[in-house]
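model_9.pdb follows (PDB, C-alpha atoms):
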ATOM      1  CA  MET J 291      12.281 -10.782   6.883
ATOM      2  CA  ARG J 292      11.158  -9.541  10.268
ATOM      3  CA  PHE J 293       8.549  -6.835  10.798
ATOM      4  CA  ALA J 294       8.633  -3.772  13.020
ATOM      5  CA  LEU J 295       6.123  -0.990  13.633
ATOM      6  CA  GLN J 296       6.566   2.712  12.918
ATOM      7  CA  THR J 297       3.865   5.019  14.184
ATOM      8  CA  SER J 298       3.221   8.258  16.052
ATOM      9  CA  GLY J 299       0.960   9.505  18.823
ATOM     10  CA  ASP J 300       0.969  10.534  22.458
ATOM     11  CA  LEU J 301       2.773   8.530  25.119
ATOM     12  CA  ASP J 302      -0.254   6.404  26.065
ATOM     13  CA  THR J 303      -0.821   5.485  22.420
ATOM     14  CA  LEU J 304       2.832   4.554  21.936
ATOM     15  CA  VAL J 305       2.986   2.484  25.126
ATOM     16  CA  ASP J 306      -0.065   0.584  23.862
ATOM     17  CA  ALA J 307       1.647   0.199  20.473
ATOM     18  CA  ALA J 308       4.791  -1.163  22.111
ATOM     19  CA  ASP J 309       2.760  -3.646  24.139
ATOM     20  CA  TRP J 310       0.840  -4.748  21.020
ATOM     21  CA  ALA J 311       4.061  -5.064  18.998
ATOM     22  CA  GLU J 312       5.733  -7.174  21.690
ATOM     23  CA  ARG J 313       2.745  -9.511  21.885
ATOM     24  CA  ARG J 314       2.754  -9.878  18.093
ATOM     25  CA  GLY J 315       6.457 -10.718  18.092
ATOM     26  CA  LEU J 316       7.571  -7.582  16.236
ATOM     27  CA  ASP J 317      11.207  -6.578  16.618
ATOM     28  CA  CYS J 318      11.001  -2.855  17.211
ATOM     29  CA  LEU J 319       8.810   0.201  17.697
ATOM     30  CA  ALA J 320      10.042   3.222  15.742
ATOM     31  CA  ILE J 321       8.741   6.775  15.866
ATOM     32  CA  PRO J 322       9.405   9.710  13.524
ATOM     33  CA  ASP J 323      10.776  13.095  14.548
ATOM     34  CA  HIS J 324       8.564  15.875  13.208
ATOM     35  CA  TYR J 325       7.311  19.153  14.646
ATOM     36  CA  VAL J 326       4.151  19.016  12.522
ATOM     37  CA  LEU J 327       2.431  15.886  11.234
ATOM     38  CA  SER J 328       0.841  17.199   8.050
ATOM     39  CA  ARG J 329       2.019  19.160   5.054
ATOM     40  CA  SER J 330      -0.552  21.856   5.845
ATOM     41  CA  GLY J 331       0.895  22.422   9.304
ATOM     42  CA  ASP J 332      -2.224  21.325  11.202
ATOM     43  CA  GLY J 333      -3.230  17.754  11.947
ATOM     44  CA  PRO J 334      -2.698  15.739  15.128
ATOM     45  CA  PRO J 335      -0.374  16.900  17.916
ATOM     46  CA  ALA J 336       3.338  16.481  17.218
ATOM     47  CA  TYR J 337       5.252  15.666  20.406
ATOM     48  CA  ASP J 338       8.999  15.957  20.882
ATOM     49  CA  ALA J 339      10.452  12.613  19.833
ATOM     50  CA  PHE J 340      13.237  12.393  22.412
ATOM     51  CA  VAL J 341      10.894  13.209  25.289
ATOM     52  CA  LEU J 342       8.468  10.531  24.073
ATOM     53  CA  LEU J 343      11.312   8.026  23.752
ATOM     54  CA  GLY J 344      12.376   8.687  27.326
ATOM     55  CA  GLY J 345       8.842   7.907  28.463
ATOM     56  CA  LEU J 346       8.711   4.812  26.257
ATOM     57  CA  ALA J 347      12.073   3.603  27.525
ATOM     58  CA  ALA J 348      10.819   3.840  31.102
ATOM     59  CA  SER J 349       7.466   2.225  30.271
ATOM     60  CA  THR J 350       8.679  -0.815  28.313
ATOM     61  CA  ALA J 351      10.925  -3.718  29.176
ATOM     62  CA  SER J 352      12.204  -5.543  26.131
ATOM     63  CA  ILE J 353      11.138  -4.175  22.761
ATOM     64  CA  GLU J 354      13.711  -2.249  20.723
ATOM     65  CA  LEU J 355      13.033   1.465  20.280
ATOM     66  CA  SER J 356      14.146   3.511  17.294
ATOM     67  CA  LEU J 357      14.044   7.103  16.100
ATOM     68  CA  LEU J 358      13.491   7.161  12.311
ATOM     69  CA  VAL J 359      14.976   9.779  11.937
ATOM     70  CA  SER J 360      16.003  13.011  13.654
ATOM     71  CA  PRO J 361      16.610  15.932  11.267
ATOM     72  CA  ILE J 362      19.990  17.559  11.747
ATOM     73  CA  THR J 363      18.228  20.891  11.246
ATOM     74  CA  PHE J 364      16.385  20.623  14.586
ATOM     75  CA  ARG J 365      19.241  20.140  17.057
ATOM     76  CA  HIS J 366      22.972  20.606  17.488
ATOM     77  CA  PRO J 367      24.800  17.229  17.472
ATOM     78  CA  ALA J 368      25.658  17.745  21.140
ATOM     79  CA  VAL J 369      21.942  17.839  21.975
ATOM     80  CA  ILE J 370      21.291  14.812  19.768
ATOM     81  CA  ALA J 371      24.138  12.852  21.368
ATOM     82  CA  LYS J 372      23.201  13.736  24.947
ATOM     83  CA  SER J 373      19.501  13.015  24.377
ATOM     84  CA  ALA J 374      20.262   9.727  22.634
ATOM     85  CA  LEU J 375      22.624   8.486  25.329
ATOM     86  CA  THR J 376      20.035   9.401  27.960
ATOM     87  CA  VAL J 377      17.368   7.322  26.194
ATOM     88  CA  ASP J 378      19.938   4.552  25.724
ATOM     89  CA  ALA J 379      20.617   4.537  29.484
ATOM     90  CA  ILE J 380      16.929   4.579  30.452
ATOM     91  CA  SER J 381      16.138   1.759  28.026
ATOM     92  CA  GLY J 382      19.048  -0.409  29.102
ATOM     93  CA  GLY J 383      20.515  -0.542  25.614
ATOM     94  CA  ARG J 384      17.376  -0.931  23.495
ATOM     95  CA  PHE J 385      17.663   2.327  21.536
ATOM     96  CA  THR J 386      18.695   3.043  17.943
ATOM     97  CA  LEU J 387      19.304   6.671  16.977
ATOM     98  CA  GLY J 388      18.496   7.777  13.448
ATOM     99  CA  ILE J 389      19.949  10.948  11.944
ATOM    100  CA  GLY J 390      18.806  12.476   8.663
ATOM    101  CA  THR J 391      19.017  15.665   6.631
ATOM    102  CA  GLY J 392      15.496  16.969   7.293
ATOM    103  CA  TRP J 393      13.094  17.568   4.430
ATOM    104  CA  LEU J 394       9.622  18.728   5.494
ATOM    105  CA  GLU J 395       9.550  22.416   4.584
ATOM    106  CA  ILE J 396       6.371  23.302   6.469
ATOM    107  CA  GLU J 397       7.767  22.436   9.906
ATOM    108  CA  HIS J 398      10.793  24.629   9.249
ATOM    109  CA  GLU J 399       8.600  27.475   8.000
ATOM    110  CA  VAL J 400       6.216  27.292  10.964
ATOM    111  CA  PHE J 401       8.931  27.335  13.617
ATOM    112  CA  GLY J 402      11.434  29.535  11.814
ATOM    113  CA  ILE J 403      14.055  26.788  11.650
ATOM    114  CA  PRO J 404      16.574  27.299   8.835
ATOM    115  CA  LEU J 405      16.453  24.669   6.094
ATOM    116  CA  PRO J 406      19.779  25.003   4.275
ATOM    117  CA  PRO J 407      20.285  23.701   0.739
ATOM    118  CA  MET J 408      20.464  19.928   0.481
ATOM    119  CA  ALA J 409      24.238  19.908  -0.107
ATOM    120  CA  GLU J 410      24.805  21.695   3.198
ATOM    121  CA  ARG J 411      22.339  19.458   5.009
ATOM    122  CA  PHE J 412      24.274  16.405   3.847
ATOM    123  CA  GLU J 413      27.475  18.070   5.071
ATOM    124  CA  ARG J 414      25.906  18.661   8.462
ATOM    125  CA  MET J 415      24.463  15.146   8.577
ATOM    126  CA  GLU J 416      27.858  13.622   7.817
ATOM    127  CA  GLU J 417      29.509  15.734  10.497
ATOM    128  CA  ALA J 418      26.750  14.939  13.009
ATOM    129  CA  LEU J 419      27.260  11.213  12.479
ATOM    130  CA  GLY J 420      31.008  11.605  12.947
ATOM    131  CA  TYR J 421      30.439  13.819  15.994
ATOM    132  CA  VAL J 422      28.113  11.313  17.705
ATOM    133  CA  ARG J 423      30.446   8.397  16.942
ATOM    134  CA  ALA J 424      33.410  10.367  18.275
ATOM    135  CA  HIS J 425      31.600  11.295  21.475
ATOM    136  CA  THR J 426      30.565   7.707  22.198
ATOM    137  CA  ARG J 427      34.275   6.793  21.999
ATOM    138  CA  GLY J 428      35.513   9.738  24.034
ATOM    139  CA  GLU J 429      37.296  11.194  20.998
ATOM    140  CA  SER J 430      37.522  14.716  19.571
ATOM    141  CA  PHE J 431      35.911  15.855  16.337
ATOM    142  CA  GLU J 432      36.657  18.812  14.099
ATOM    143  CA  GLY J 433      34.422  19.701  11.171
ATOM    144  CA  ARG J 434      33.343  22.718   9.201
ATOM    145  CA  HIS J 435      30.088  23.108  11.129
ATOM    146  CA  TYR J 436      30.679  21.319  14.449
ATOM    147  CA  ARG J 437      33.573  20.585  16.771
ATOM    148  CA  LEU J 438      33.937  18.465  19.860
ATOM    149  CA  ARG J 439      36.651  18.258  22.514
ATOM    150  CA  ALA J 440      37.580  14.751  23.606
ATOM    151  CA  VAL J 441      35.674  13.965  26.789
ATOM    152  CA  ALA J 442      34.438  10.687  28.230
ATOM    153  CA  PRO J 443      30.712  10.324  27.503
ATOM    154  CA  ARG J 444      28.562  10.528  30.624
ATOM    155  CA  PRO J 445      26.345   8.582  30.479
ATOM    156  CA  ALA J 446      28.453   6.125  28.542
ATOM    157  CA  PRO J 447      26.749   4.239  25.718
ATOM    158  CA  THR J 448      25.578   0.729  26.457
ATOM    159  CA  ASP J 449      26.643  -2.157  24.250
ATOM    160  CA  GLY J 450      23.220  -1.934  22.609
ATOM    161  CA  PHE J 451      23.454   1.684  21.444
ATOM    162  CA  ARG J 452      23.102   1.830  17.668
ATOM    163  CA  LEU J 453      22.935   4.320  14.788
ATOM    164  CA  VAL J 454      20.629   4.128  11.775
ATOM    165  CA  VAL J 455      20.843   6.169   8.584
ATOM    166  CA  GLY J 456      17.856   6.144   6.298
ATOM    167  CA  GLY J 457      16.372   7.919   3.315
ATOM    168  CA  LYS J 458      15.690   7.874  -0.415
ATOM    169  CA  GLY J 459      19.103   9.136  -1.509
ATOM    170  CA  SER J 460      20.829   6.888  -4.036
ATOM    171  CA  ARG J 461      24.458   7.853  -3.302
ATOM    172  CA  ARG J 462      25.220   9.976  -0.243
ATOM    173  CA  THR J 463      22.717   8.249   2.055
ATOM    174  CA  PRO J 464      23.932   4.653   1.522
ATOM    175  CA  THR J 465      27.551   5.816   1.634
ATOM    176  CA  LEU J 466      27.053   7.499   5.003
ATOM    177  CA  ALA J 467      25.139   4.479   6.269
ATOM    178  CA  GLY J 468      28.026   2.201   5.367
ATOM    179  CA  ARG J 469      30.604   4.483   6.983
ATOM    180  CA  PHE J 470      28.820   5.241  10.235
ATOM    181  CA  ALA J 471      25.638   3.266  10.856
ATOM    182  CA  ASP J 472      24.697  -0.080  12.348
ATOM    183  CA  GLU J 473      21.531  -0.093  10.231
ATOM    184  CA  TYR J 474      20.740   1.220   6.754
ATOM    185  CA  ASN J 475      17.055   1.954   6.274
ATOM    186  CA  VAL J 476      16.614   1.977   2.498
ATOM    187  CA  TYR J 477      13.274   3.107   1.173
ATOM    188  CA  PRO J 478      11.415   0.779  -1.215
ATOM    189  CA  ALA J 479      12.516   1.136  -4.831
ATOM    190  CA  ALA J 480      12.705  -0.800  -8.067
ATOM    191  CA  PRO J 481      14.850  -3.938  -7.646
ATOM    192  CA  ASP J 482      17.856  -2.621  -9.597
ATOM    193  CA  GLU J 483      17.858   0.650  -7.657
ATOM    194  CA  LEU J 484      17.432  -1.141  -4.352
ATOM    195  CA  ARG J 485      20.296  -3.505  -5.186
ATOM    196  CA  SER J 486      22.536  -0.581  -6.134
ATOM    197  CA  ARG J 487      21.889   1.291  -2.882
ATOM    198  CA  ILE J 488      22.493  -1.765  -0.717
ATOM    199  CA  GLU J 489      25.689  -2.662  -2.561
ATOM    200  CA  LEU J 490      26.937   0.913  -2.186
ATOM    201  CA  ALA J 491      26.288   0.842   1.573
ATOM    202  CA  ARG J 492      28.106  -2.468   1.950
ATOM    203  CA  GLN J 493      31.017  -1.230  -0.159
ATOM    204  CA  ALA J 494      31.293   1.939   1.931
ATOM    205  CA  ALA J 495      31.327  -0.166   5.104
ATOM    206  CA  GLU J 496      34.124  -2.333   3.763
ATOM    207  CA  GLU J 497      36.160   0.699   2.663
ATOM    208  CA  ALA J 498      35.759   2.147   6.161
ATOM    209  CA  GLY J 499      37.198  -1.029   7.681
ATOM    210  CA  ARG J 500      33.831  -2.191   8.962
ATOM    211  CA  ASP J 501      32.132  -5.562   8.523
ATOM    212  CA  PRO J 502      29.494  -5.148   5.790
ATOM    213  CA  ASP J 503      27.711  -8.278   7.010
ATOM    214  CA  ALA J 504      27.135  -6.563  10.363
ATOM    215  CA  LEU J 505      25.132  -3.772   8.694
ATOM    216  CA  LEU J 506      21.414  -4.426   9.195
ATOM    217  CA  ILE J 507      19.517  -3.580   6.016
ATOM    218  CA  SER J 508      15.960  -2.486   6.706
ATOM    219  CA  SER J 509      13.179  -0.741   4.827
ATOM    220  CA  SER J 510      10.010   1.069   5.786
ATOM    221  CA  GLY J 511       6.779   2.323   4.339
ATOM    222  CA  SER J 512       3.065   1.841   4.158
ATOM    223  CA  VAL J 513       1.686  -1.405   2.750
ATOM    224  CA  LEU J 514      -1.734  -1.779   1.166
ATOM    225  CA  VAL J 515      -2.809  -5.389   0.847
ATOM    226  CA  GLY J 516      -6.061  -7.264   0.234
ATOM    227  CA  ARG J 517      -6.996 -10.908   0.558
ATOM    228  CA  ASP J 518      -7.700 -11.054  -3.164
ATOM    229  CA  GLU J 519      -7.991  -8.606  -6.061
ATOM    230  CA  ALA J 520     -11.534  -7.532  -5.184
ATOM    231  CA  ASP J 521     -10.632  -6.966  -1.537
ATOM    232  CA  TYR J 522      -7.544  -5.000  -2.567
ATOM    233  CA  ARG J 523      -9.537  -2.747  -4.917
ATOM    234  CA  ARG J 524     -12.074  -2.094  -2.145
ATOM    235  CA  ARG J 525      -9.325  -1.139   0.311
ATOM    236  CA  PHE J 526      -7.611   0.967  -2.327
ATOM    237  CA  ALA J 527     -10.805   2.945  -2.982
ATOM    238  CA  GLU J 528     -11.376   3.450   0.762
ATOM    239  CA  THR J 529      -7.789   4.657   1.231
ATOM    240  CA  ALA J 530      -8.099   7.122  -1.645
ATOM    241  CA  ALA J 531     -11.376   8.505  -0.284
ATOM    242  CA  SER J 532     -10.023   8.919   3.242
ATOM    243  CA  ALA J 533      -6.977  10.771   1.845
ATOM    244  CA  GLY J 534      -9.137  13.070  -0.287
ATOM    245  CA  LEU J 535      -7.569  11.741  -3.501
ATOM    246  CA  ASP J 536      -8.971  10.119  -6.582
ATOM    247  CA  GLU J 537      -7.679   6.638  -7.298
ATOM    248  CA  GLU J 538      -5.330   7.786 -10.052
ATOM    249  CA  GLU J 539      -3.681  10.292  -7.685
ATOM    250  CA  LEU J 540      -3.250   7.636  -5.016
ATOM    251  CA  GLU J 541      -1.694   5.235  -7.514
ATOM    252  CA  GLU J 542       0.765   7.944  -8.593
ATOM    253  CA  HIS J 543       1.660   8.519  -4.938
ATOM    254  CA  PHE J 544       2.186   4.803  -4.314
ATOM    255  CA  ALA J 545       4.179   4.394  -7.528
ATOM    256  CA  PHE J 546       6.510   7.259  -6.570
ATOM    257  CA  ARG J 547       7.153   5.630  -3.192
ATOM    258  CA  SER J 548       7.307   2.064  -4.570
ATOM    259  CA  THR J 549       4.695   1.148  -1.956
ATOM    260  CA  PRO J 550       4.150  -2.629  -1.650
ATOM    261  CA  ARG J 551       0.534  -3.088  -2.711
ATOM    262  CA  GLY J 552      -1.892  -5.546  -4.240
ATOM    263  CA  PRO J 553      -3.480  -8.869  -3.303
ATOM    264  CA  ALA J 554      -1.686 -10.708  -0.504
ATOM    265  CA  PRO J 555       0.259 -13.191  -2.692
ATOM    266  CA  ALA J 556       1.601 -10.333  -4.840
ATOM    267  CA  VAL J 557       2.676  -8.263  -1.823
ATOM    268  CA  ARG J 558       4.357 -11.243  -0.200
ATOM    269  CA  GLU J 559       6.298 -11.708  -3.445
ATOM    270  CA  GLN J 560       7.285  -8.027  -3.497
ATOM    271  CA  LEU J 561       8.633  -8.283   0.053
ATOM    272  CA  ALA J 562      10.374 -11.577  -0.776
ATOM    273  CA  GLN J 563      12.198  -9.801  -3.614
ATOM    274  CA  MET J 564      13.387  -7.147  -1.143
ATOM    275  CA  GLU J 565      14.502  -9.864   1.251
ATOM    276  CA  ALA J 566      16.470 -11.572  -1.506
ATOM    277  CA  LEU J 567      18.382  -8.315  -1.991
ATOM    278  CA  GLY J 568      19.321  -8.228   1.686
ATOM    279  CA  VAL J 569      16.473  -6.447   3.492
ATOM    280  CA  ARG J 570      16.059  -8.129   6.872
ATOM    281  CA  ARG J 571      13.536  -5.850   8.595
ATOM    282  CA  PHE J 572      10.515  -3.925   7.334
ATOM    283  CA  TYR J 573       8.936  -1.124   9.384
ATOM    284  CA  LEU J 574       5.195  -0.959   8.750
ATOM    285  CA  GLN J 575       4.311   2.727   8.761
ATOM    286  CA  THR J 576       0.756   3.096   9.987
ATOM    287  CA  SER J 577      -1.508   5.021  12.307
ATOM    288  CA  VAL J 578      -2.743   3.215  15.409
ATOM    289  CA  ALA J 579      -4.806   6.113  16.742
ATOM    290  CA  ASP J 580      -7.996   4.147  16.079
ATOM    291  CA  GLY J 581      -6.648   0.813  17.290
ATOM    292  CA  PHE J 582      -4.686  -2.094  15.892
ATOM    293  CA  GLU J 583      -7.274  -3.880  13.761
ATOM    294  CA  GLY J 584      -5.846  -2.586  10.485
ATOM    295  CA  VAL J 585      -2.206  -3.440  11.132
ATOM    296  CA  THR J 586      -3.193  -6.792  12.638
ATOM    297  CA  ASP J 587      -5.106  -7.580   9.458
ATOM    298  CA  THR J 588      -2.122  -6.537   7.330
ATOM    299  CA  LEU J 589       0.309  -8.719   9.269
ATOM    300  CA  GLU J 590      -1.980 -11.734   9.042
ATOM    301  CA  MET J 591      -2.189 -11.383   5.265
ATOM    302  CA  LEU J 592       1.555 -10.873   4.923
ATOM    303  CA  SER J 593       2.286 -13.944   7.012
ATOM    304  CA  GLY J 594       0.074 -16.066   4.786
TER     305      GLY J 594
END
For the structure just supplied, provide its representation as structure tokens.
Amino acid sequence: MRFALQTSGDLDTLVDAADWAERRGLDCLAIPDHYVLSRSGDGPPAYDAFVLLGGLAASTASIELSLLVSPITFRHPAVIAKSALTVDAISGGRFTLGIGTGWLEIEHEVFGIPLPPMAERFERMEEALGYVRAHTRGESFEGRHYRLRAVAPRPAPTDGFRLVVGGKGSRRTPTLAGRFADEYNVYPAAPDELRSRIELARQAAEEAGRDPDALLISSSGSVLVGRDEADYRRRFAETAASAGLDEEELEEHFAFRSTPRGPAPAVREQLAQMEALGVRRFYLQTSVADGFEGVTDTLEMLSG
């Protein structure tokens, strides 16, 4: 399994993160696409993801860049496609576009962006994926929500342009990933659930006439690891305090998200189980606003 970094911040912070990730041998720098960065609506500044990616593409030379993921509620697929192909051109083919349903209610409330029912969001997501694929091939698209006249894409996609579909969904998400995406970002889950989602994505790829072995399976999330049990418990308590939670609340949160956690040998085993099921890349979700000491420490423990 290879590691990548997912983080947020201003352009200077992200350029530093990309430089750090390259020096550490990480595969990719991914950023989220949110208009607020906390459930309360305050918190650190939330910059437009596509604008940041354009700056990153111009400020980096070799590291892959990814958007995990852009909510279909924010932008028409034409805007997504044009923005993505622009970043793809600036980066020289190092960009992976992620498209998702959208889920964070507060950012929709704050900015007055409609958040349709989940069934409609999945409809729109499916059509957006088909729309973007059609445009990159110069084809037309006709859906319930969006339509596209056949026109040659300008700029044209590079050979490196890729799509990623990610999320916690157990049926629609892996199916759409298999049909449309180059990468399926499956959230951590119990082994049987993880296996089921990956198999469904591969089956959908095969049914769509695509090579299931070409589908990159990745995962992402926070990781809390200690050098031994005592070190892990200390870090766990510090994390709970900084989040304003008691330890039981934090454990419930981690359990819901199937967060890899524990002493280093246990976490390495958890990630090895994911790798055995087909996960080839793990995006470490972390803040680097205060530097890279924490994520450096995590990587060293995970590498043994």
Hey, could you pull the box centre and edge lengths for range 562-570 of chain J, axis-aligned, 3 Å padding per side, all listed atoms, to one decimal in Å, as AutoDock Vina command-line options?
--center_x 14.8 --center_y -9.0 --center_z 1.6 --size_x 14.9 --size_y 11.1 --size_z 16.5
Mind giving me the straight-line distance from CA of Leu567 in chain J to CA of Leu506 in chain J in Å, one decimal? 12.2 Å
Using all atoms listed in the file, pick whichever of J:Leu574, J:Ile380, J:Val513, J:Ala491 has the shortest atom-to-atom distance to Ala554 in chain J.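 Using all atoms listed in the file, Ala554 in chain J sits closest to J:Val513.
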Neighbourhood query: residues within 12 Å of (4.4, -4.7, 20.3), file coordinates, counting only C-alpha atoms; return as a compact mmCIF listing (two decimals) with C-alpha atoms, in the coordinates of the input.
# COMPACT_ATOMS: atom_id res chain seq x y z
CA PHE J 293 8.55 -6.84 10.80
CA ALA J 294 8.63 -3.77 13.02
CA LEU J 295 6.12 -0.99 13.63
CA GLN J 296 6.57 2.71 12.92
CA THR J 297 3.86 5.02 14.18
CA THR J 303 -0.82 5.48 22.42
CA LEU J 304 2.83 4.55 21.94
CA VAL J 305 2.99 2.48 25.13
CA ASP J 306 -0.06 0.58 23.86
CA ALA J 307 1.65 0.20 20.47
CA ALA J 308 4.79 -1.16 22.11
CA ASP J 309 2.76 -3.65 24.14
CA TRP J 310 0.84 -4.75 21.02
CA ALA J 311 4.06 -5.06 19.00
CA GLU J 312 5.73 -7.17 21.69
CA ARG J 313 2.74 -9.51 21.88
CA ARG J 314 2.75 -9.88 18.09
CA GLY J 315 6.46 -10.72 18.09
CA LEU J 316 7.57 -7.58 16.24
CA ASP J 317 11.21 -6.58 16.62
CA CYS J 318 11.00 -2.86 17.21
CA LEU J 319 8.81 0.20 17.70
CA ALA J 320 10.04 3.22 15.74
CA THR J 350 8.68 -0.82 28.31
CA ALA J 351 10.92 -3.72 29.18
CA SER J 352 12.20 -5.54 26.13
CA ILE J 353 11.14 -4.18 22.76
CA GLU J 354 13.71 -2.25 20.72
CA LEU J 355 13.03 1.46 20.28
CA VAL J 578 -2.74 3.22 15.41
CA PHE J 582 -4.69 -2.09 15.89
CA VAL J 585 -2.21 -3.44 11.13
CA THR J 586 -3.19 -6.79 12.64
Residues matched by the PyMOL selection byres ((chain J and resi 473-486) around 7) as a ChimeraX atom specification: /J:453-458,467,471-472,487-490,505-510,547-549,567
Find the distance between CA of Leu342 in chain J and CA of Ser373 in chain J and write it in Å to one decimal.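 Answer for the CA of Leu342 in chain J to CA of Ser373 in chain J separation: 11.3 Å.
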Which residues of range 337-405 of chain J sit at most 12 Å from range 428-448 of chain J, using all atoms listed in the file? Give each one's shortest atom pair and distance in Å (one decimal place), in chain and ascending residue order, as CSV.
residue,atom,partner,partner_atom,distance
J:Ile362,CA,J:His435,CA,11.5
J:Arg365,CA,J:Tyr436,CA,11.8
J:His366,CA,J:Tyr436,CA,8.3
J:Pro367,CA,J:Tyr436,CA,7.8
J:Ala368,CA,J:Leu438,CA,8.4
J:Ala371,CA,J:Pro443,CA,9.3
J:Lys372,CA,J:Pro445,CA,8.2
J:Ser373,CA,J:Pro445,CA,10.2
J:Ala374,CA,J:Pro447,CA,9.0
J:Leu375,CA,J:Pro447,CA,5.9
J:Thr376,CA,J:Pro445,CA,6.8
J:Val377,CA,J:Pro447,CA,9.9
J:Asp378,CA,J:Pro447,CA,6.8
J:Ala379,CA,J:Thr448,CA,6.9
J:Ile380,CA,J:Pro445,CA,10.2
J:Ser381,CA,J:Thr448,CA,9.6
J:Gly382,CA,J:Thr448,CA,7.1
J:Gly383,CA,J:Thr448,CA,5.3
J:Arg384,CA,J:Thr448,CA,8.9
J:Phe385,CA,J:Thr448,CA,9.5
J:Thr386,CA,J:Thr448,CA,11.2
J:Leu387,CA,J:Pro447,CA,11.7
Record the distance separating CA of Thr363 in chain J and CA of Pro407 in chain J, expressed in Å with one decimal.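 Those two atoms sit 11.1 Å apart.
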Starting from the PyMOL selection byres ((chain J and resi 465) around 9), expand the selection into actual residues of this file and give them as a list in words.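 Applying the expression gives Ser460, Arg461, Arg462, Thr463, Pro464, Leu466, Ala467, Gly468, Arg469, Phe470, Arg487, Leu490, Ala491, Arg492, Gln493, Ala494 and Ala495 of chain J.
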Quick one: which residues end up in the PyMOL selection byres ((chain J and resi 338) around 8) for this structure, as an MDAnalysis selection string? chainID J and resid 323:325 336:337 339:342
Mind checking which residues fall within 6 Å of Ser360 in chain J, counting only C-alpha atoms, ignoring those fewer than 6 positions away in the same chain, and posting them as a list in words?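 Answer for this query is Asp323, Gly388, Ile389 and Gly390 of chain J.
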Mind dumping the selected residues with C-alpha atoms as a PDB file, in the frame of the given file?
ATOM      1  CA  ASP J 323      10.776  13.095  14.548  1.00  0.00           C
ATOM      2  CA  GLY J 388      18.496   7.777  13.448  1.00  0.00           C
ATOM      3  CA  ILE J 389      19.949  10.948  11.944  1.00  0.00           C
ATOM      4  CA  GLY J 390      18.806  12.476   8.663  1.00  0.00           C
TER       5      GLY J 390
END
Counting all atoms listed in the file, which of J:Leu561, J:Glu528, J:Ile396, J:Glu542 gets nearest to Asp332 in chain J?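 Among J:Leu561, J:Glu528, J:Ile396, J:Glu542, it is J:Ile396 that comes nearest to Asp332 in chain J.
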Option closest in space to Tyr522 in chain J, from J:Gly552, J:Gly584, J:Gly299, J:Pro406 [counting only C-alpha atoms]: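 Of J:Gly552, J:Gly584, J:Gly299, J:Pro406, the one nearest Tyr522 in chain J is J:Gly552, counting only C-alpha atoms.
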